[in-house]
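Worksheet: the structure to be examined is printed underneath.
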Amino acid sequence: MDLLCILNGPSLKQIYPIGSKRSVDYQKNAAESFGDVGMTICRFAAKLSVYSAPIFLFYYRKSNIIDYLPLLKNVVALWSLVYTAGVVVRFLGRYANTDYVNFANQFSSAVSRKDISQVEKLLAGYDFDLKGIPTTFHYSDITTKEWKPRQYLPIYRHNQSWALALPCNVIRYILANTIGIRILYPGTIIGSFIDVPLMKGRSFLTLEYNGKRAKIETKDKNYIDTMFIDNRGRSTNGDTLVLCCEGNAGFYEIGIMTTPLECGYSVLGWNHPGFGGSTGKPHPPQELNAVDAVMQYALSLGFSPQEVIVYAWSIGGFSSSWLVMNYPEINSIIVDASFDDVVHLATAVMPKPLSSLVVGTVKSYLNLNNAEQLKLYPGPVRFIRRTRDEVICSRPGDLATNRGNDLALKVLVYRYPYVFKDDGLIAAKNWLELDKTKKEDFVKQFGDLEECRHLFLKEGTAIPSQIGEKLDTRERVKLSLFLLSNHITDFDSTHCVPLPSRLFVLPWDVRDVAKSI
């Protein structure tokens, strides 16, 4: 029996009995529950004191701080006593609980041997906090031969001199790291309030789909909580892996993984830094390091980049667009309910007098420019546009202001510059603003759009393409509508409704069009 593990081991949440499709909730006894409550209160008090210290110092700035040292000493002593009592009482409760003792023995064995097979067996039998468990995959294990330099968008530079910009930069930094990151990624706040749904989600994926949970280490030493469902040899689509990138309040446990699973694909989900069992915070650099490590983990599972489809929802378009920009061999990407540049959404919801501060803060520290990254990916792309989206529209529910329109147009303009210009671009913008019935009527005046397929045989499939350079206005407009209809799928839904599996269709590939002619 490992007493140290019982004393300081991770919280146990569920037990997965062998051969059963149902999980069993771990039942804490009164002592363990009481100890946990005491420790939680102490942790909360410690965090509260850190955040309130500046206010205290400002309020009593004219007083003699030394006069308050005896009071501070008593508070620290009381805190230490309560926390120590909580640790001891929790230890006694765990020691008396057979289920936790059995778990602690297996946990200790896996940790001491650093045996990944033991770790996988432990994760397959229990649901618990990942603290202390050996890492399944280390980003640092990538060999020099396998690694290549990563691409990043240019860093935003202010026109002001360094001295003049310093006060503004300090304010921007504070805003970005306090309010900004939490508004952009509310999952960092709500995660602690939805522990039960997350636990049930992990249980469902583990027991129903034989999911394998793993802890992987990133370049910046964060740990990312992942879930892998291997359908190779089980279904027609099983040899293809769908790598999922969740939204700003999305977790793999209750997120978008189920859609590709219903289609029979192998699926790899992961949680943003600071979400669920992942450490860190979802700042852009940490996000990119996380998705890079997840991709390398996918390759270590035996999938090639050509066997990987990236599926992104909402803000997941940021990490996913960076990923395909750096791994151009990836099969394809499906972008659902995403946007071109977060700065437009930020300025739309903030007061106009603050727009300059908001723009500077976002561009300096929270620069999620999906369009600029996705433009540099040459492979197939499908955009899922939700026609009643209330989140990524500058005016909620107004289809014309859906930033998904701008994302799709910016990518298509880059790929087909001679098609999406002048009348071709105007027609495309008009098409994007129409509802389904009006859209069909608009297209009818140009005849059968499929007649455009033969044009790709003449011009080839290079990106950016020269196609459309020699076309007249009518042919250019017709081709722009053909490309739009093949890249964008409309879903009559609001932002958070799960995507039906019938709409999870592989992106249109110009190379297949050229081959079929």
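Starting from 1 in every chain, residues are counted up; chains themselves are A, B, ... following the order of the structure tokens, and ligands are numbered from 1 as listed.
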
Contacts of segment 203-213 of chain A at 10 Å (only C-alpha atoms; same-chain gap of 5+ positions) as a PyMOL selection string = chain A and resi 14-24+119-127+130+136+197-198+225-231+252-254+257-258+261+267-270

Within 12 Å of Arg94 of chain A using only C-alpha atoms, minus same-chain residues under 2 positions, as a PyMOL selection string | chain A and resi 1-12+26-36+87-92+96-104

In segment 326-392 of chain A, DSSP strand (DSSP E or B) residues written as a list in words |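 Listing strand (DSSP E or B) positions across segment 326-392 of chain A yields Ser332, Ile333, Ile334, Val335, Asp336, Asp341, Asn369, Val381, Arg382, Phe383, Ile384, Arg385 and Arg386 of chain A.
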
Which polymer residues have any atom within 12 Å of an atom of Pro273 of chain A, counting only C-alpha atoms, with same-chain residues fewer than 4 positions away left out, as a ChimeraX atom specification?
-> /A:181,185,187-188,191,216-218,220-226,246,248-251,277-291,293-294,319

Write the residues of the preceding selection, restricted to N, CA and C atoms, as an mmCIF file, in the first residue's frame.
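Just written: selection_28.cif:
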data_model
loop_
_atom_site.group_PDB
_atom_site.id
_atom_site.type_symbol
_atom_site.label_atom_id
_atom_site.label_comp_id
_atom_site.auth_asym_id
_atom_site.auth_seq_id
_atom_site.Cartn_x
_atom_site.Cartn_y
_atom_site.Cartn_z
ATOM 1 N N ILE A 181 -8.866 37.505 -21.985
ATOM 2 C CA ILE A 181 -8.731 36.066 -22.221
ATOM 3 C C ILE A 181 -9.936 35.304 -21.690
ATOM 4 N N TYR A 185 -12.332 33.178 -24.018
ATOM 5 C CA TYR A 185 -12.420 31.743 -23.715
ATOM 6 C C TYR A 185 -13.149 31.541 -22.386
ATOM 7 N N GLY A 187 -14.690 29.171 -21.310
ATOM 8 C CA GLY A 187 -14.538 27.815 -20.787
ATOM 9 C C GLY A 187 -13.583 27.738 -19.618
ATOM 10 N N THR A 188 -12.653 28.700 -19.513
ATOM 11 C CA THR A 188 -11.738 28.721 -18.375
ATOM 12 C C THR A 188 -12.477 29.006 -17.074
ATOM 13 N N GLY A 191 -15.609 25.820 -16.596
ATOM 14 C CA GLY A 191 -15.150 24.435 -16.488
ATOM 15 C C GLY A 191 -15.367 23.834 -15.118
ATOM 16 N N ILE A 216 -0.602 14.549 -22.878
ATOM 17 C CA ILE A 216 0.554 14.817 -23.734
ATOM 18 C C ILE A 216 1.198 16.146 -23.341
ATOM 19 N N GLU A 217 2.504 16.211 -23.505
ATOM 20 C CA GLU A 217 3.262 17.399 -23.112
ATOM 21 C C GLU A 217 3.573 18.253 -24.332
ATOM 22 N N THR A 218 3.380 19.553 -24.203
ATOM 23 C CA THR A 218 3.609 20.472 -25.315
ATOM 24 C C THR A 218 5.031 21.036 -25.276
ATOM 25 N N ASP A 220 5.864 24.063 -24.675
ATOM 26 C CA ASP A 220 6.030 24.974 -23.544
ATOM 27 C C ASP A 220 5.682 24.324 -22.206
ATOM 28 N N LYS A 221 5.704 22.986 -22.172
ATOM 29 C CA LYS A 221 5.562 22.195 -20.944
ATOM 30 C C LYS A 221 4.167 22.239 -20.327
ATOM 31 N N ASN A 222 3.160 22.597 -21.105
ATOM 32 C CA ASN A 222 1.790 22.379 -20.658
ATOM 33 C C ASN A 222 1.431 20.918 -20.877
ATOM 34 N N TYR A 223 0.392 20.472 -20.181
ATOM 35 C CA TYR A 223 -0.107 19.117 -20.373
ATOM 36 C C TYR A 223 -1.515 19.194 -20.943
ATOM 37 N N ILE A 224 -1.739 18.487 -22.043
ATOM 38 C CA ILE A 224 -3.015 18.553 -22.752
ATOM 39 C C ILE A 224 -3.771 17.241 -22.573
ATOM 40 N N ASP A 225 -5.011 17.364 -22.160
ATOM 41 C CA ASP A 225 -5.908 16.230 -21.951
ATOM 42 C C ASP A 225 -6.530 15.850 -23.293
ATOM 43 N N THR A 226 -6.323 14.608 -23.735
ATOM 44 C CA THR A 226 -6.821 14.177 -25.045
ATOM 45 C C THR A 226 -7.660 12.913 -24.930
ATOM 46 N N GLU A 246 -12.100 22.410 -30.619
ATOM 47 C CA GLU A 246 -13.340 22.869 -30.000
ATOM 48 C C GLU A 246 -13.468 24.393 -29.970
ATOM 49 N N ASN A 248 -14.811 28.128 -27.913
ATOM 50 C CA ASN A 248 -14.247 28.817 -26.746
ATOM 51 C C ASN A 248 -14.881 28.404 -25.421
ATOM 52 N N ALA A 249 -15.960 27.647 -25.479
ATOM 53 C CA ALA A 249 -16.530 27.062 -24.264
ATOM 54 C C ALA A 249 -16.767 25.570 -24.499
ATOM 55 N N GLY A 250 -15.985 25.000 -25.410
ATOM 56 C CA GLY A 250 -16.145 23.598 -25.779
ATOM 57 C C GLY A 250 -15.096 22.711 -25.133
ATOM 58 N N PHE A 251 -15.514 21.512 -24.783
ATOM 59 C CA PHE A 251 -14.640 20.496 -24.208
ATOM 60 C C PHE A 251 -14.834 19.221 -25.016
ATOM 61 N N GLY A 277 -8.831 18.786 -18.086
ATOM 62 C CA GLY A 277 -7.588 18.300 -17.499
ATOM 63 C C GLY A 277 -6.345 18.911 -18.093
ATOM 64 N N SER A 278 -6.483 19.886 -18.978
ATOM 65 C CA SER A 278 -5.323 20.531 -19.603
ATOM 66 C C SER A 278 -4.812 21.674 -18.728
ATOM 67 N N THR A 279 -3.496 21.817 -18.664
ATOM 68 C CA THR A 279 -2.904 22.900 -17.881
ATOM 69 C C THR A 279 -2.622 24.116 -18.767
ATOM 70 N N GLY A 280 -2.275 25.231 -18.124
ATOM 71 C CA GLY A 280 -1.962 26.448 -18.864
ATOM 72 C C GLY A 280 -3.166 27.353 -19.019
ATOM 73 N N LYS A 281 -3.070 28.279 -19.955
ATOM 74 C CA LYS A 281 -4.157 29.193 -20.295
ATOM 75 C C LYS A 281 -4.244 29.300 -21.813
ATOM 76 N N PRO A 282 -5.436 29.562 -22.354
ATOM 77 C CA PRO A 282 -5.604 29.535 -23.818
ATOM 78 C C PRO A 282 -5.113 30.789 -24.539
ATOM 79 N N HIS A 283 -3.957 31.303 -24.148
ATOM 80 C CA HIS A 283 -3.353 32.399 -24.904
ATOM 81 C C HIS A 283 -2.890 31.860 -26.256
ATOM 82 N N PRO A 284 -2.906 32.681 -27.303
ATOM 83 C CA PRO A 284 -2.566 32.187 -28.644
ATOM 84 C C PRO A 284 -1.298 31.343 -28.736
ATOM 85 N N PRO A 285 -0.162 31.750 -28.151
ATOM 86 C CA PRO A 285 1.027 30.893 -28.265
ATOM 87 C C PRO A 285 0.830 29.507 -27.650
ATOM 88 N N GLN A 286 0.143 29.446 -26.509
ATOM 89 C CA GLN A 286 -0.097 28.156 -25.867
ATOM 90 C C GLN A 286 -1.079 27.309 -26.677
ATOM 91 N N GLU A 287 -2.069 27.954 -27.280
ATOM 92 C CA GLU A 287 -3.017 27.248 -28.144
ATOM 93 C C GLU A 287 -2.293 26.577 -29.312
ATOM 94 N N LEU A 288 -1.394 27.323 -29.946
ATOM 95 C CA LEU A 288 -0.697 26.797 -31.118
ATOM 96 C C LEU A 288 0.267 25.686 -30.733
ATOM 97 N N ASN A 289 0.943 25.835 -29.603
ATOM 98 C CA ASN A 289 1.817 24.763 -29.136
ATOM 99 C C ASN A 289 1.014 23.513 -28.788
ATOM 100 N N ALA A 290 -0.198 23.722 -28.278
ATOM 101 C CA ALA A 290 -1.052 22.587 -27.921
ATOM 102 C C ALA A 290 -1.484 21.806 -29.156
ATOM 103 N N VAL A 291 -2.000 22.508 -30.170
ATOM 104 C CA VAL A 291 -2.482 21.799 -31.359
ATOM 105 C C VAL A 291 -1.320 21.157 -32.119
ATOM 106 N N ALA A 293 1.353 19.838 -30.676
ATOM 107 C CA ALA A 293 1.639 18.605 -29.939
ATOM 108 C C ALA A 293 0.584 17.537 -30.209
ATOM 109 N N VAL A 294 -0.678 17.955 -30.311
ATOM 110 C CA VAL A 294 -1.755 17.001 -30.602
ATOM 111 C C VAL A 294 -1.555 16.374 -31.981
ATOM 112 N N SER A 319 -6.749 27.671 -34.062
ATOM 113 C CA SER A 319 -5.702 26.649 -33.948
ATOM 114 C C SER A 319 -5.692 25.737 -35.165
#

Enter the distance from atom CA of Pro353 of chain A to atom CA of Gly180 of chain A, in Å, rounded to one decimal.
-> 17.0 Å

Backbone-only DSSP, alpha helix (DSSP H) members of segment 34-257 of chain A, as a PyMOL selection string = chain A and resi 34-59+69-95+98-113+116-125+162-175+181-184+187-190+195-208

Taken to one decimal, the atom CA of Arg234 of chain A-atom CA of His138 of chain A distance is 28.5 Å

With a cut-off of 12 Å, could you pull out the residues of segment 250-320 of chain A touching segment 326-349 of chain A and give me the nearest pair of atoms for each, distance in Å to one decimal, using only C-alpha atoms, ordered by chain and ascending number, as a tab-separated table?
residue	atom	partner	partner_atom	distance
A:Ile256	CA	A:Asp336	CA	10.1
A:Thr259	CA	A:Asp336	CA	11.9
A:Pro260	CA	A:Ile334	CA	11.1
A:Leu288	CA	A:Asn326	CA	10.6
A:Asn289	CA	A:Asn326	CA	11.9
A:Val291	CA	A:Asn326	CA	11.0
A:Asp292	CA	A:Asn326	CA	9.0
A:Met295	CA	A:Tyr327	CA	9.2
A:Gln296	CA	A:Tyr327	CA	10.6
A:Ala298	CA	A:Ile330	CA	11.8
A:Leu299	CA	A:Ile330	CA	11.2
A:Phe303	CA	A:Ile330	CA	10.6
A:Ser304	CA	A:Ile330	CA	8.3
A:Pro305	CA	A:Ile330	CA	4.6
A:Gln306	CA	A:Asn331	CA	4.6
A:Glu307	CA	A:Asn331	CA	6.0
A:Val308	CA	A:Asn331	CA	5.5
A:Ile309	CA	A:Ser332	CA	5.1
A:Val310	CA	A:Ile333	CA	4.6
A:Tyr311	CA	A:Ile334	CA	4.8
A:Ala312	CA	A:Val335	CA	4.9
A:Trp313	CA	A:Asp336	CA	4.7
A:Ser314	CA	A:Ser338	CA	4.1
A:Ile315	CA	A:Ser338	CA	6.2
A:Gly316	CA	A:Ser338	CA	7.7
A:Gly317	CA	A:Ser338	CA	5.9
A:Phe318	CA	A:Ser338	CA	8.7
A:Ser319	CA	A:Asn326	CA	10.8
A:Ser320	CA	A:Ile333	CA	8.0

Write the residues you've just listed into a file as a tab-separated table (two decimals), in the first residue's frame, and include N, CA and C atoms for each of them.
chain	number	residue	atom	x	y	z
A	256	ILE	N	-17.65	18.42	-30.16
A	256	ILE	CA	-17.97	18.09	-31.55
A	256	ILE	C	-17.51	16.70	-31.98
A	259	THR	N	-20.01	13.98	-33.86
A	259	THR	CA	-20.41	14.07	-35.27
A	259	THR	C	-19.56	13.18	-36.17
A	260	PRO	N	-18.23	13.29	-36.17
A	260	PRO	CA	-17.43	12.37	-36.99
A	260	PRO	C	-17.48	10.93	-36.50
A	288	LEU	N	-1.39	27.32	-29.95
A	288	LEU	CA	-0.70	26.80	-31.12
A	288	LEU	C	0.27	25.69	-30.73
A	289	ASN	N	0.94	25.83	-29.60
A	289	ASN	CA	1.82	24.76	-29.14
A	289	ASN	C	1.01	23.51	-28.79
A	291	VAL	N	-2.00	22.51	-30.17
A	291	VAL	CA	-2.48	21.80	-31.36
A	291	VAL	C	-1.32	21.16	-32.12
A	292	ASP	N	-0.15	21.76	-32.06
A	292	ASP	CA	1.04	21.17	-32.69
A	292	ASP	C	1.39	19.85	-32.01
A	295	MET	N	-1.15	17.18	-32.95
A	295	MET	CA	-0.89	16.66	-34.29
A	295	MET	C	0.27	15.67	-34.27
A	296	GLN	N	1.32	15.98	-33.55
A	296	GLN	CA	2.46	15.07	-33.46
A	296	GLN	C	2.05	13.77	-32.75
A	298	ALA	N	-0.94	12.51	-32.95
A	298	ALA	CA	-1.71	11.79	-33.98
A	298	ALA	C	-0.78	11.02	-34.91
A	299	LEU	N	0.33	11.64	-35.29
A	299	LEU	CA	1.30	10.96	-36.16
A	299	LEU	C	1.91	9.77	-35.44
A	303	PHE	N	-1.01	7.53	-37.95
A	303	PHE	CA	-1.70	8.21	-39.05
A	303	PHE	C	-0.72	9.13	-39.77
A	304	SER	N	-0.81	9.17	-41.07
A	304	SER	CA	-0.01	10.12	-41.85
A	304	SER	C	-0.81	11.41	-41.99
A	305	PRO	N	-0.17	12.54	-42.32
A	305	PRO	CA	-0.92	13.79	-42.51
A	305	PRO	C	-2.02	13.65	-43.56
A	306	GLN	N	-1.77	12.83	-44.60
A	306	GLN	CA	-2.76	12.63	-45.66
A	306	GLN	C	-4.00	11.88	-45.15
A	307	GLU	N	-3.88	11.25	-43.99
A	307	GLU	CA	-5.01	10.51	-43.41
A	307	GLU	C	-5.70	11.30	-42.30
A	308	VAL	N	-5.40	12.59	-42.20
A	308	VAL	CA	-5.97	13.43	-41.15
A	308	VAL	C	-6.88	14.49	-41.74
A	309	ILE	N	-8.11	14.56	-41.23
A	309	ILE	CA	-9.05	15.65	-41.54
A	309	ILE	C	-9.16	16.51	-40.29
A	310	VAL	N	-9.02	17.80	-40.43
A	310	VAL	CA	-9.16	18.71	-39.30
A	310	VAL	C	-10.59	19.25	-39.29
A	311	TYR	N	-11.25	19.15	-38.13
A	311	TYR	CA	-12.62	19.61	-37.98
A	311	TYR	C	-12.65	20.66	-36.87
A	312	ALA	N	-13.02	21.88	-37.22
A	312	ALA	CA	-12.98	22.99	-36.26
A	312	ALA	C	-14.34	23.63	-36.10
A	313	TRP	N	-14.65	24.00	-34.88
A	313	TRP	CA	-15.90	24.71	-34.60
A	313	TRP	C	-15.58	26.04	-33.91
A	314	SER	N	-16.18	27.11	-34.42
A	314	SER	CA	-16.10	28.43	-33.82
A	314	SER	C	-14.65	28.89	-33.66
A	315	ILE	N	-14.23	29.20	-32.43
A	315	ILE	CA	-12.88	29.72	-32.21
A	315	ILE	C	-11.81	28.66	-32.47
A	316	GLY	N	-12.25	27.40	-32.58
A	316	GLY	CA	-11.32	26.34	-32.97
A	316	GLY	C	-10.74	26.57	-34.35
A	317	GLY	N	-11.35	27.49	-35.12
A	317	GLY	CA	-10.81	27.83	-36.43
A	317	GLY	C	-9.43	28.46	-36.34
A	318	PHE	N	-9.09	29.03	-35.18
A	318	PHE	CA	-7.76	29.65	-35.04
A	318	PHE	C	-6.66	28.59	-35.00
A	319	SER	N	-6.75	27.67	-34.06
A	319	SER	CA	-5.70	26.65	-33.95
A	319	SER	C	-5.69	25.74	-35.17
A	320	SER	N	-6.88	25.46	-35.72
A	320	SER	CA	-6.95	24.55	-36.87
A	320	SER	C	-6.36	25.18	-38.13

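For the residues A:Cys42, A:Val75, A:Cys263, A:Leu484, ranking by smallest atom-to-atom distance to Leu241 of chain A using only C-alpha atoms places A:Cys263 first.
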
Which polymer residues have any atom within 8 Å of an atom of segment 471-473 of chain A, counting only C-alpha atoms, with same-chain residues fewer than 4 positions away left out, as a list in words?
->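 Those residues are Asp423, Gly424 and Val477 of chain A.
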
List the neighbours of Ala176 of chain A out to 8 Å using only C-alpha atoms; skip same-chain residues closer than 5 positions along the sequence, and give me the result as a list in words.
->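 Those residues are Ile181, Thr361, Val362, Tyr365 and Leu366 of chain A.
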
Written selection (C-alpha atoms) as a JSON list (two decimals), in the first residue's frame:
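Result written to again.json:
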[["chain", "number", "residue", "atom", "x", "y", "z"],
["A", 181, "ILE", "CA", -8.73, 36.07, -22.22],
["A", 361, "THR", "CA", -5.33, 44.82, -27.27],
["A", 362, "VAL", "CA", -6.66, 42.14, -29.60],
["A", 365, "TYR", "CA", -2.11, 39.80, -27.50],
["A", 366, "LEU", "CA", -5.21, 37.97, -28.77]]

Find the residues near segment 466-470 of chain A: any atom within 9 Å, counting only C-alpha atoms, skip ones fewer than 6 places away on the same chain, and give them as a list in words.
->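 With the cut-off at 9 Å, the set is Arg415, Tyr416, Pro417, Tyr418, Val419, Phe420, Leu455, Phe456, Lys458, Glu459, Gly460, Arg476 and Leu479 of chain A.
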
Minimum-distance residue to Tyr297 of chain A, chosen among A:Pro154, A:Leu409, A:Ala165, A:Thr135 (using only C-alpha atoms) |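 So, comparing all the options, the nearest one is A:Thr135.
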
Expressed in Å to a single decimal, how great is the separation between atom CA of Leu457 of chain A and atom CA of Glu440 of chain A?
->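 Straight-line distance from atom CA of Leu457 of chain A to atom CA of Glu440 of chain A works out to 26.6 Å.
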